[in-house]
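Since the structure comes first, as structure tokens, the remarks are kept for the end.
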Protein chains: 2
Amino acid sequence: MPDLKTFLEDNRQAFIESLKELLRIPSVSTDSRHKDDVKQAADWVADRFRELEFETQVVPTEGHPIVFAQSPPVPGKPVALVYGHYDVQPPEPLELWKTPPFEPTERDGNIVARGATDDKGQMLTHVLGAMAWMKSVGELPIQVKFLIEGEEEIGSASLPPFIQENKELLANDVVVISDCSQFAPGQPAITYGLKGIAYFELKLTGPNRDLHSGTFGGSVRNPANTLCAMLGSLVDQHGWIHIPGFYDDVLPMTGDERENFAELPFDEEKFKEQLGIDQVHGEEGYTTLERRWARPTLDINGLTSGYQGEGAKTVLPGVASAKFSCRLVPDQDPHKIAESLREHLTKICPPGIKMELKAHHGSPGFVVSTDSPYIHAAKAAIEKGFGNAPVLIREGGSIPICAEFAKELDCDVLLLGWGLDDDNTHSPNEKFNLGDFQRGIEASAQLWAELAKITK
Amino acid sequence: MPDLKTFLEDNRQAFIESLKELLRIPSVSTDSRHKDDVKQAADWVADRFRELEFETQVVPTEGHPIVFAQSPPVPGKPVALVYGHYDVQPPEPLELWKTPPFEPTERDGNIVARGATDDKGQMLTHVLGAMAWMKSVGELPIQVKFLIEGEEEIGSASLPPFIQENKELLANDVVVISDCSQFAPGQPAITYGLKGIAYFELKLTGPNRDLHSGTFGGSVRNPANTLCAMLGSLVDQHGWIHIPGFYDDVLPMTGDERENFAELPFDEEKFKEQLGIDQVHGEEGYTTLERRWARPTLDINGLTSGYQGEGAKTVLPGVASAKFSCRLVPDQDPHKIAESLREHLTKICPPGIKMELKAHHGSPGFVVSTDSPYIHAAKAAIEKGFGNAPVLIREGGSIPICAEFAKELDCDVLLLGWGLDDDNTHSPNEKFNLGDFQRGIEASAQLWAELAKITK
């Protein structure tokens, strides 16, 4: 048997071939035409575990299957649970892809394909990190469980019930997730906080039909005017959100945390340049990273009303609606925010307008201690895998399942992103750097060793 | 030859069939896919005049053709010019039509189709009123000219140059337009004032692409949030419009006029019931009719931004846009209003957002004397056609060309609406009452006789 390091080094190309196999399966979970492909991807993942003689199940759900596998128990050592997903976003618009989305192509040191970074490539680093141990050392230094789902891109509907019904099977000390990004190229990171979300749809109805804006204008409340007035009043010129009690439960950043953010090599000029904006904007009194990672926000996600075609149509629309969402931080409660918003909007909705508010989904924000043995183990493993110590960061996105894991399984969570901000996640020409793929596999393999040093 | 009255009575059904033919042609002027249909509608109208052996032209323009026709001169008598349009609004949203918009259907005494009342049905009453004279008496008692255009719904861009270049051809004493409404069912009206319009499209661009609202929210100015804030600030809770100088040139109503409005049998409860609203709304200090007819307004006509499909998508949109329009009253100048608006929006548009404001089309408001011989002739003709004396009203809609006619051709203007307020103009299930269609044809035929009584 080769040693672990040699095995990892010698199998670079084999790892890439394995990733390409998985990327060729168009496992688009939202599209029912791909149902069989999604199942094929689940089976492909399960087969990797079966090759290692892990105890493996492909669990059917009302949606797409959940793959669960586990290596043999190692008494006295922590148990890790790797969470990831084998489903992908739709590839559309197809015409913007330089090479077909399900024909993985190597370009400029990257692999380009739908799912390359989100999450097939990142998830696979942990499968291959475990394989490296099994095929070199012959065993893993801790027990590793794998929970790989196929509905992440469509809301993970089957996962919470599966977790609640299988607490013993899934029992672990730390969940490991690689479905996010490094801080910058060459600067790996551990993400210790995520925002929560509360997503809403507001529909205002005025008259019972679209009206001629000349004949009726000025005598009937216009729902589009009202929508703008109502939503326009929710965020003021200071970037402060006006929903009663909105900031009540916001956990302030610590001084250490603000210092840590300030020390990160964040290039605001480059950030603006990449987005094509001449000025950043957000809540007064906070830096860009603080706003993105640790302060709550309110963004309109969509507006629709009246005539949207070419040219002019003089209609007074009967209906106007908006989708908008608040990104929440600990300890804001999405249900409490939703109730407060509903009460506030009901109060400011004027006579002559009927209001419907739908709360789409909500999840709380999430932070873990930056001083746990698991964070220390991950730091050491990443430094060995990437040759560079990780920085500690937070992230503005939401991974609702994190809070679910912590709550239901009473475990810690490690978010170890191997991707990059410009990986075109959810966009055409999604990519994953092949160097980071290899470094991710090495860091994963090291992580099992580092976690084994923790005294239970 | 039958007499006029008998001819009108005997041809009821033939008139309806003729209207249906025209309504079947989807002459949507704003939609370039319908260019050939618009041309077909022009030819159909021209063919009606050719059948009567009127001198007829279909004049190509940079947009859609203008149809001009005239009956033989009658020396010593006034000349009337009928103005109308054969183009229609887009039929969208299609799913709200009970029967297809271009398959005219008789229902509850109405004809239902796009363009039924605006303006194919109303315009055709004058074509058929003239036809009745030609096919019964064999000649018209005055010379009637017809100017039927195909760009009314998109701003009539080709018409003013045509008028300016053809003043002799178009010379007349009184322009007759039927493109508005009666005061109520059974209560015909003569409209002596119209609002003007200034129509705008505002496009706000933030980042150079749609962004993930979690990763970027709170640090980048959201154009949809900004659009709501900017437009929401233009009209306050009193219904007052906040564009600098907006009210400077507004001609106040006279005391007589306000009294006359107050005496009209306007049923506000029924108005609210028909629109499905529990409260009217508009500028403080004015009645509903005053707001609709004689006070300026600002209405959003369309909003579009970000994700508008089913469910939730957490996008921070790169672009947000709105269509909106001000209805103007004499003596507000649409160009002055547009400049003031541009200056104001430029001032309130925040950094981080690029603003584009397109002024689509503008026209001033319009009022004529209520004591001219033409008004008296129209009153008599309408009383004969409808069996009921008309009331004098104003209207909130705009017929931009009215001011142009009066100015360029030095003529009077008669606005004789045969439609009803609930005809769903510009909305799904547009209709025109077939009784009013017949009465309109009879009143038109009577009008040529009444105008012939005026001494030149």
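The chains in the structure tokens are called A, B, ... from first to last as shown; in each chain the residues are counted from 1, and the ligands are counted from 1 in the order shown.
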
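On the backbone of this structure, DSSP gives strand (DSSP E or B) within region 178-260 of chain A to Ser181, Ala184, Gln187, Ala189, Ile190, Thr191, Tyr192, Gly193, Leu194, Gly196, Ile197, Ala198, Tyr199, Phe200, Glu201, Leu202, Lys203, Leu204, Thr205, Leu211, His212, Val235 and Ile241 of chain A.
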
Mind dumping a table of every chain A residue within 6 Å of chain B, with the nearest atom pair and its distance in Å to one decimal, using only C-alpha atoms, sorted by chain and rising number, as JSON lines?
```
{"residue": "A:Pro207", "atom": "CA", "partner": "B:Leu275", "partner_atom": "CA", "distance": 5.0}
{"residue": "A:Asn208", "atom": "CA", "partner": "B:Gly276", "partner_atom": "CA", "distance": 5.2}
{"residue": "A:Asp210", "atom": "CA", "partner": "B:Ser427", "partner_atom": "CA", "distance": 5.7}
{"residue": "A:Gly214", "atom": "CA", "partner": "B:Gly397", "partner_atom": "CA", "distance": 3.9}
{"residue": "A:Thr215", "atom": "CA", "partner": "B:Gly396", "partner_atom": "CA", "distance": 4.6}
{"residue": "A:Gly218", "atom": "CA", "partner": "B:Gly282", "partner_atom": "CA", "distance": 4.9}
{"residue": "A:Ser219", "atom": "CA", "partner": "B:Gly282", "partner_atom": "CA", "distance": 4.9}
{"residue": "A:Val220", "atom": "CA", "partner": "B:His281", "partner_atom": "CA", "distance": 5.0}
{"residue": "A:Arg221", "atom": "CA", "partner": "B:His281", "partner_atom": "CA", "distance": 5.4}
{"residue": "A:Ala224", "atom": "CA", "partner": "B:Ile300", "partner_atom": "CA", "distance": 5.9}
{"residue": "A:Asn225", "atom": "CA", "partner": "B:Ile300", "partner_atom": "CA", "distance": 5.8}
{"residue": "A:Cys228", "atom": "CA", "partner": "B:Cys228", "partner_atom": "CA", "distance": 4.1}
{"residue": "A:Ala229", "atom": "CA", "partner": "B:Gly232", "partner_atom": "CA", "distance": 3.9}
{"residue": "A:Gly232", "atom": "CA", "partner": "B:Ala229", "partner_atom": "CA", "distance": 3.9}
{"residue": "A:Leu275", "atom": "CA", "partner": "B:Pro207", "partner_atom": "CA", "distance": 5.1}
{"residue": "A:Gly276", "atom": "CA", "partner": "B:Asn208", "partner_atom": "CA", "distance": 5.2}
{"residue": "A:Ile277", "atom": "CA", "partner": "B:Gly352", "partner_atom": "CA", "distance": 5.6}
{"residue": "A:Asp278", "atom": "CA", "partner": "B:Gly352", "partner_atom": "CA", "distance": 5.5}
{"residue": "A:Gln279", "atom": "CA", "partner": "B:Gly352", "partner_atom": "CA", "distance": 4.9}
{"residue": "A:Val280", "atom": "CA", "partner": "B:Val220", "partner_atom": "CA", "distance": 5.3}
{"residue": "A:His281", "atom": "CA", "partner": "B:Ser219", "partner_atom": "CA", "distance": 5.0}
{"residue": "A:Gly282", "atom": "CA", "partner": "B:Gly218", "partner_atom": "CA", "distance": 4.9}
{"residue": "A:Thr288", "atom": "CA", "partner": "B:Ser219", "partner_atom": "CA", "distance": 5.6}
{"residue": "A:Arg291", "atom": "CA", "partner": "B:Gly218", "partner_atom": "CA", "distance": 5.5}
{"residue": "A:Arg292", "atom": "CA", "partner": "B:Gly218", "partner_atom": "CA", "distance": 5.8}
{"residue": "A:Thr297", "atom": "CA", "partner": "B:Gly218", "partner_atom": "CA", "distance": 5.4}
{"residue": "A:Ile300", "atom": "CA", "partner": "B:Asn225", "partner_atom": "CA", "distance": 5.8}
{"residue": "A:Asn301", "atom": "CA", "partner": "B:Val315", "partner_atom": "CA", "distance": 5.3}
{"residue": "A:Gly302", "atom": "CA", "partner": "B:Gly306", "partner_atom": "CA", "distance": 4.2}
{"residue": "A:Leu303", "atom": "CA", "partner": "B:Ser305", "partner_atom": "CA", "distance": 4.9}
{"residue": "A:Thr304", "atom": "CA", "partner": "B:Thr304", "partner_atom": "CA", "distance": 4.9}
{"residue": "A:Ser305", "atom": "CA", "partner": "B:Leu303", "partner_atom": "CA", "distance": 4.9}
{"residue": "A:Gly306", "atom": "CA", "partner": "B:Gly302", "partner_atom": "CA", "distance": 4.2}
{"residue": "A:Tyr307", "atom": "CA", "partner": "B:Gly302", "partner_atom": "CA", "distance": 4.6}
{"residue": "A:Gln308", "atom": "CA", "partner": "B:Gly302", "partner_atom": "CA", "distance": 5.7}
{"residue": "A:Val315", "atom": "CA", "partner": "B:Asn301", "partner_atom": "CA", "distance": 5.2}
{"residue": "A:Leu316", "atom": "CA", "partner": "B:Asn301", "partner_atom": "CA", "distance": 5.5}
{"residue": "A:Gly352", "atom": "CA", "partner": "B:Gln279", "partner_atom": "CA", "distance": 4.9}
{"residue": "A:Gly396", "atom": "CA", "partner": "B:Gly214", "partner_atom": "CA", "distance": 4.5}
{"residue": "A:Gly397", "atom": "CA", "partner": "B:Gly214", "partner_atom": "CA", "distance": 4.0}
```

Keeping only C-alpha atoms, take the residues you just selected and write them out as a PDB file, in the first residue's frame.
```pdb
ATOM      1  CA  PRO A 207     -59.609  48.254  -8.882  1.00  0.00           C
ATOM      2  CA  ASN A 208     -60.999  44.940 -10.082  1.00  0.00           C
ATOM      3  CA  ASP A 210     -56.725  47.297 -15.379  1.00  0.00           C
ATOM      4  CA  GLY A 214     -56.832  58.903 -18.353  1.00  0.00           C
ATOM      5  CA  THR A 215     -60.459  58.100 -17.621  1.00  0.00           C
ATOM      6  CA  GLY A 218     -56.622  60.620 -10.070  1.00  0.00           C
ATOM      7  CA  SER A 219     -59.807  59.110  -8.677  1.00  0.00           C
ATOM      8  CA  VAL A 220     -58.748  55.538  -7.944  1.00  0.00           C
ATOM      9  CA  ARG A 221     -55.832  54.429  -5.765  1.00  0.00           C
ATOM     10  CA  ALA A 224     -48.336  50.349  -8.419  1.00  0.00           C
ATOM     11  CA  ASN A 225     -48.031  53.861  -6.947  1.00  0.00           C
ATOM     12  CA  CYS A 228     -43.674  51.986  -4.520  1.00  0.00           C
ATOM     13  CA  ALA A 229     -44.771  54.221  -1.654  1.00  0.00           C
ATOM     14  CA  GLY A 232     -40.001  52.839  -0.628  1.00  0.00           C
ATOM     15  CA  LEU A 275     -19.780  44.939 -10.231  1.00  0.00           C
ATOM     16  CA  GLY A 276     -19.591  48.003 -12.475  1.00  0.00           C
ATOM     17  CA  ILE A 277     -20.675  50.424  -9.744  1.00  0.00           C
ATOM     18  CA  ASP A 278     -19.142  53.757  -8.822  1.00  0.00           C
ATOM     19  CA  GLN A 279     -20.061  53.606  -5.145  1.00  0.00           C
ATOM     20  CA  VAL A 280     -20.880  50.943  -2.558  1.00  0.00           C
ATOM     21  CA  HIS A 281     -24.004  51.491  -0.496  1.00  0.00           C
ATOM     22  CA  GLY A 282     -25.500  50.140   2.684  1.00  0.00           C
ATOM     23  CA  THR A 288     -18.753  46.758   3.177  1.00  0.00           C
ATOM     24  CA  ARG A 291     -22.755  44.925   5.796  1.00  0.00           C
ATOM     25  CA  ARG A 292     -22.373  41.818   3.654  1.00  0.00           C
ATOM     26  CA  THR A 297     -30.664  43.796   4.829  1.00  0.00           C
ATOM     27  CA  ILE A 300     -36.474  43.791  -3.473  1.00  0.00           C
ATOM     28  CA  ASN A 301     -35.966  40.660  -5.606  1.00  0.00           C
ATOM     29  CA  GLY A 302     -38.669  41.347  -8.185  1.00  0.00           C
ATOM     30  CA  LEU A 303     -41.316  43.885  -9.186  1.00  0.00           C
ATOM     31  CA  THR A 304     -44.213  43.339 -11.532  1.00  0.00           C
ATOM     32  CA  SER A 305     -47.191  45.452 -12.489  1.00  0.00           C
ATOM     33  CA  GLY A 306     -49.138  46.699 -15.478  1.00  0.00           C
ATOM     34  CA  TYR A 307     -47.639  46.984 -18.943  1.00  0.00           C
ATOM     35  CA  GLN A 308     -44.065  45.777 -19.333  1.00  0.00           C
ATOM     36  CA  VAL A 315     -53.010  51.583 -18.104  1.00  0.00           C
ATOM     37  CA  LEU A 316     -53.802  52.076 -14.446  1.00  0.00           C
ATOM     38  CA  GLY A 352     -58.812  51.448  -1.579  1.00  0.00           C
ATOM     39  CA  GLY A 396     -24.193  36.809   3.466  1.00  0.00           C
ATOM     40  CA  GLY A 397     -25.865  33.804   1.893  1.00  0.00           C
TER      41      GLY A 397
END
```

Report task. Skip region 79-81 of chain B itself and residues of its chain fewer than 4 positions away, then list as a PyMOL selection string all residues within 8 Å of it, counting only C-alpha atoms. Result -> chain B and resi 142-147+170-176

Could you save those same residues with N, CA and C atoms as a PDB file, in the first residue's frame?
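Done, and the output landed in part.pdb:
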```pdb
ATOM      1  N   ILE B 142     -73.347  67.930 -46.704  1.00  0.00           N
ATOM      2  CA  ILE B 142     -72.145  68.768 -46.590  1.00  0.00           C
ATOM      3  C   ILE B 142     -70.973  67.918 -47.072  1.00  0.00           C
ATOM      4  N   GLN B 143     -69.831  68.551 -47.280  1.00  0.00           N
ATOM      5  CA  GLN B 143     -68.644  67.741 -47.588  1.00  0.00           C
ATOM      6  C   GLN B 143     -68.083  67.177 -46.285  1.00  0.00           C
ATOM      7  N   VAL B 144     -67.857  65.860 -46.287  1.00  0.00           N
ATOM      8  CA  VAL B 144     -67.237  65.217 -45.128  1.00  0.00           C
ATOM      9  C   VAL B 144     -65.893  64.642 -45.558  1.00  0.00           C
ATOM     10  N   LYS B 145     -64.871  65.010 -44.815  1.00  0.00           N
ATOM     11  CA  LYS B 145     -63.538  64.448 -45.055  1.00  0.00           C
ATOM     12  C   LYS B 145     -63.231  63.461 -43.925  1.00  0.00           C
ATOM     13  N   PHE B 146     -62.431  62.458 -44.221  1.00  0.00           N
ATOM     14  CA  PHE B 146     -62.082  61.451 -43.207  1.00  0.00           C
ATOM     15  C   PHE B 146     -60.564  61.345 -43.093  1.00  0.00           C
ATOM     16  N   LEU B 147     -60.089  61.397 -41.884  1.00  0.00           N
ATOM     17  CA  LEU B 147     -58.651  61.236 -41.633  1.00  0.00           C
ATOM     18  C   LEU B 147     -58.541  60.149 -40.561  1.00  0.00           C
ATOM     19  N   LEU B 170     -56.859  69.174 -45.922  1.00  0.00           N
ATOM     20  CA  LEU B 170     -57.573  68.892 -44.678  1.00  0.00           C
ATOM     21  C   LEU B 170     -58.465  70.053 -44.220  1.00  0.00           C
ATOM     22  N   ALA B 171     -58.445  71.178 -44.960  1.00  0.00           N
ATOM     23  CA  ALA B 171     -59.179  72.376 -44.523  1.00  0.00           C
ATOM     24  C   ALA B 171     -60.623  72.027 -44.175  1.00  0.00           C
ATOM     25  N   ASN B 172     -61.114  72.541 -43.042  1.00  0.00           N
ATOM     26  CA  ASN B 172     -62.472  72.205 -42.603  1.00  0.00           C
ATOM     27  C   ASN B 172     -62.930  73.232 -41.572  1.00  0.00           C
ATOM     28  N   ASP B 173     -64.216  73.159 -41.249  1.00  0.00           N
ATOM     29  CA  ASP B 173     -64.754  74.060 -40.229  1.00  0.00           C
ATOM     30  C   ASP B 173     -64.801  73.392 -38.868  1.00  0.00           C
ATOM     31  N   VAL B 174     -65.028  72.092 -38.885  1.00  0.00           N
ATOM     32  CA  VAL B 174     -65.157  71.417 -37.605  1.00  0.00           C
ATOM     33  C   VAL B 174     -64.673  69.968 -37.711  1.00  0.00           C
ATOM     34  N   VAL B 175     -63.830  69.606 -36.788  1.00  0.00           N
ATOM     35  CA  VAL B 175     -63.360  68.224 -36.705  1.00  0.00           C
ATOM     36  C   VAL B 175     -64.318  67.446 -35.802  1.00  0.00           C
ATOM     37  N   VAL B 176     -64.697  66.260 -36.220  1.00  0.00           N
ATOM     38  CA  VAL B 176     -65.619  65.426 -35.448  1.00  0.00           C
ATOM     39  C   VAL B 176     -64.872  64.164 -35.003  1.00  0.00           C
TER      40      VAL B 176
END
```

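Of the residues under consideration (A:Glu284, A:Pro65, A:Gln57, A:Gly245), A:Pro65 shows the shortest atom-to-atom contact distance to Gln40 (chain A) when counting only C-alpha atoms.
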